[in-house]
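As provided, target_19.cif (mmCIF, C-alpha atoms) reads as follows.
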```cif
data_protein
#
loop_
_atom_site.label_atom_id
_atom_site.label_comp_id
_atom_site.auth_asym_id
_atom_site.auth_seq_id
_atom_site.Cartn_x
_atom_site.Cartn_y
_atom_site.Cartn_z
CA GLY A 1 109.06 113.91 99.70
CA GLY A 2 111.77 116.36 98.83
CA SER A 3 112.95 117.45 95.41
CA ASP A 4 115.06 114.26 95.13
CA SER A 5 112.21 111.88 96.00
CA ILE A 6 111.20 109.13 93.60
CA ALA A 7 107.71 110.68 93.43
CA ASN A 8 109.18 114.02 92.37
CA HIS A 9 111.27 112.33 89.67
CA MET A 10 108.16 110.52 88.40
CA LYS A 11 106.23 113.80 88.35
CA LYS A 12 108.96 115.59 86.39
CA ALA A 13 109.18 112.73 83.88
CA ILE A 14 105.42 112.78 83.34
CA GLN A 15 105.54 116.57 82.86
CA ARG A 16 108.06 115.88 80.05
CA HIS A 17 105.47 113.53 78.48
CA ILE A 18 107.35 110.38 79.45
CA THR A 19 105.17 107.40 80.27
CA VAL A 20 105.78 106.17 83.82
CA THR A 21 104.21 102.81 84.60
CA VAL A 22 104.14 101.14 88.02
CA ILE A 23 103.01 97.54 88.34
CA THR A 24 102.10 96.48 91.87
CA ASP A 25 100.87 93.25 93.39
CA GLU A 26 97.15 92.81 93.94
CA LYS A 27 97.50 90.99 97.28
CA LEU A 28 100.88 91.98 98.76
CA ASP A 29 99.59 94.95 100.79
CA VAL A 30 96.27 93.49 101.90
CA GLU A 31 95.25 93.07 105.53
CA LYS A 32 93.97 89.71 106.83
CA ASN A 33 90.41 91.04 106.44
CA GLY A 34 90.99 91.53 102.70
CA GLN A 35 91.19 95.33 102.87
CA LEU A 36 94.10 97.18 101.27
CA LYS A 37 96.55 98.52 103.88
CA ASN A 38 96.20 102.28 104.34
CA SER A 39 99.82 102.92 103.35
CA ALA A 40 99.30 101.02 100.09
CA LYS A 41 96.05 102.86 99.42
CA LEU A 42 97.74 106.22 99.97
CA GLY A 43 100.68 105.19 97.80
CA ARG A 44 98.43 104.12 94.94
CA GLU A 45 96.44 107.34 95.25
CA LEU A 46 99.66 109.39 95.09
CA LEU A 47 100.85 107.54 92.00
CA LEU A 48 97.53 108.14 90.25
CA LYS A 49 97.57 111.82 91.28
CA LEU A 50 101.04 112.16 89.76
CA GLY A 51 99.75 110.71 86.49
CA VAL A 52 101.48 107.35 86.76
CA ASP A 53 100.04 104.50 84.67
CA LEU A 54 99.24 102.20 87.63
CA LYS A 55 98.66 98.53 86.92
CA ILE A 56 97.62 95.90 89.47
CA ALA A 57 98.87 92.38 88.74
CA PRO A 58 99.13 89.01 90.50
CA GLN A 59 102.35 87.85 92.20
CA VAL A 60 104.62 90.87 91.72
CA HIS A 61 107.55 91.05 94.14
CA THR A 62 110.75 91.99 92.33
CA LYS A 63 111.39 95.67 91.71
CA ASN A 64 112.74 96.74 88.34
CA ILE A 65 113.46 99.97 86.56
CA ILE A 66 113.14 99.63 82.81
CA ILE A 67 114.01 102.58 80.58
CA ASP A 68 113.50 102.34 76.83
CA ASN A 69 113.08 98.56 77.08
CA THR A 70 116.39 98.11 78.94
CA CYS A 71 116.33 96.83 82.54
CA ILE A 72 118.76 98.97 84.51
CA THR A 73 118.11 97.57 87.97
CA ASN A 74 116.48 94.50 89.46
CA GLY A 75 116.03 93.69 93.14
CA SER A 76 113.74 93.64 96.16
CA PHE A 77 114.46 97.07 97.72
CA ASN A 78 111.24 98.96 98.56
CA TRP A 79 111.98 102.39 97.07
CA LEU A 80 108.70 103.93 98.17
CA SER A 81 108.78 102.80 101.80
CA ALA A 82 109.38 105.25 104.63
CA VAL A 83 112.27 103.08 105.77
CA ALA A 84 114.14 103.85 102.57
CA ASP A 85 114.08 107.57 103.34
CA GLN A 86 115.09 107.22 106.98
CA ASN A 87 117.56 104.36 107.15
CA SER A 88 119.19 103.85 103.76
CA GLU A 89 122.94 103.55 103.74
#
```

Show me the file's structure as structure tokens.
Amino acid sequence: GGSDSIANHMKKAIQRHITVTVITDEKLDVEKNGQLKNSAKLGRELLLKLGVDLKIAPQVHTKNIIIDNTCITNGSFNWLSAVADQNSE
């Protein structure tokens, strides 16, 4: 990702000692054989490498950004997907 990527923004926030937490679903990105999809595995590894507080929880679908206990956005857009970078309008 470029300098404007969500990962870069997370990294910069963490460097400023801001806690960045991502909660993801435990089963959403799992193959039929029970294995985590490679893209999800790589995404989780990137988040951990950045220093994100990664939490795995059941039945998470909605995407929210919460800053200082105030929800500023709520929806289902997949910010970290490749499609977001290539086809967003």

The PyMOL selection byres ((chain A and resi 40) around 10) applied to the shown file, residues as an mmCIF file with C-alpha atoms, keeping the file's coordinate frame:
```
data_model
loop_
_atom_site.group_PDB
_atom_site.id
_atom_site.type_symbol
_atom_site.label_atom_id
_atom_site.label_comp_id
_atom_site.auth_asym_id
_atom_site.auth_seq_id
_atom_site.Cartn_x
_atom_site.Cartn_y
_atom_site.Cartn_z
ATOM 1 C CA THR A 24 102.100 96.480 91.870
ATOM 2 C CA LEU A 28 100.880 91.980 98.760
ATOM 3 C CA ASP A 29 99.590 94.950 100.790
ATOM 4 C CA VAL A 30 96.270 93.490 101.900
ATOM 5 C CA LEU A 36 94.100 97.180 101.270
ATOM 6 C CA LYS A 37 96.550 98.520 103.880
ATOM 7 C CA ASN A 38 96.200 102.280 104.340
ATOM 8 C CA SER A 39 99.820 102.920 103.350
ATOM 9 C CA LYS A 41 96.050 102.860 99.420
ATOM 10 C CA LEU A 42 97.740 106.220 99.970
ATOM 11 C CA GLY A 43 100.680 105.190 97.800
ATOM 12 C CA ARG A 44 98.430 104.120 94.940
ATOM 13 C CA GLU A 45 96.440 107.340 95.250
ATOM 14 C CA LEU A 46 99.660 109.390 95.090
ATOM 15 C CA SER A 81 108.780 102.800 101.800
#
```

Subject >> Residue neighbourhood Thr62 in chain A, 7 Å, all atoms listed in the file, exclusion window fewer than 3 positions, as a list in words >> reply: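 Returned residues: Asn74, Gly75 and Ser76 of chain A.
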
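Nearest to Glu26 in chain A of all the residues A:Ile66, A:Ala57, A:Ile14, A:Cys71 is A:Ala57, counting only C-alpha atoms.
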
Taking the file as shown, find all residues satisfying the PyMOL selection byres ((chain A and resi 58) around 8) and write them as a PDB file with C-alpha atoms, in the frame of the given file.
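New file result24.pdb:
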```
ATOM      1  CA  ASP A  25     100.870  93.250  93.390  1.00  0.00           C
ATOM      2  CA  GLU A  26      97.150  92.810  93.940  1.00  0.00           C
ATOM      3  CA  LYS A  27      97.500  90.990  97.280  1.00  0.00           C
ATOM      4  CA  ILE A  56      97.620  95.900  89.470  1.00  0.00           C
ATOM      5  CA  ALA A  57      98.870  92.380  88.740  1.00  0.00           C
ATOM      6  CA  GLN A  59     102.350  87.850  92.200  1.00  0.00           C
ATOM      7  CA  VAL A  60     104.620  90.870  91.720  1.00  0.00           C
TER       8      VAL A  60
END
```

Original post:
Between A:Val52, A:Asn64, A:Ile72, A:Phe77, which has the minimum distance to His17 in chain A (counting all atoms listed in the file)?
Top reply: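 Using all atoms listed in the file, the shortest distance to His17 in chain A belongs to A:Val52.
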
**OP:** Return as a PyMOL selection string the set of residues that the PyMOL selection byres ((chain A and resi 11) around 12) yields on the displayed structure.
**Re:** chain A and resi 1+3-10+12-21+46-53
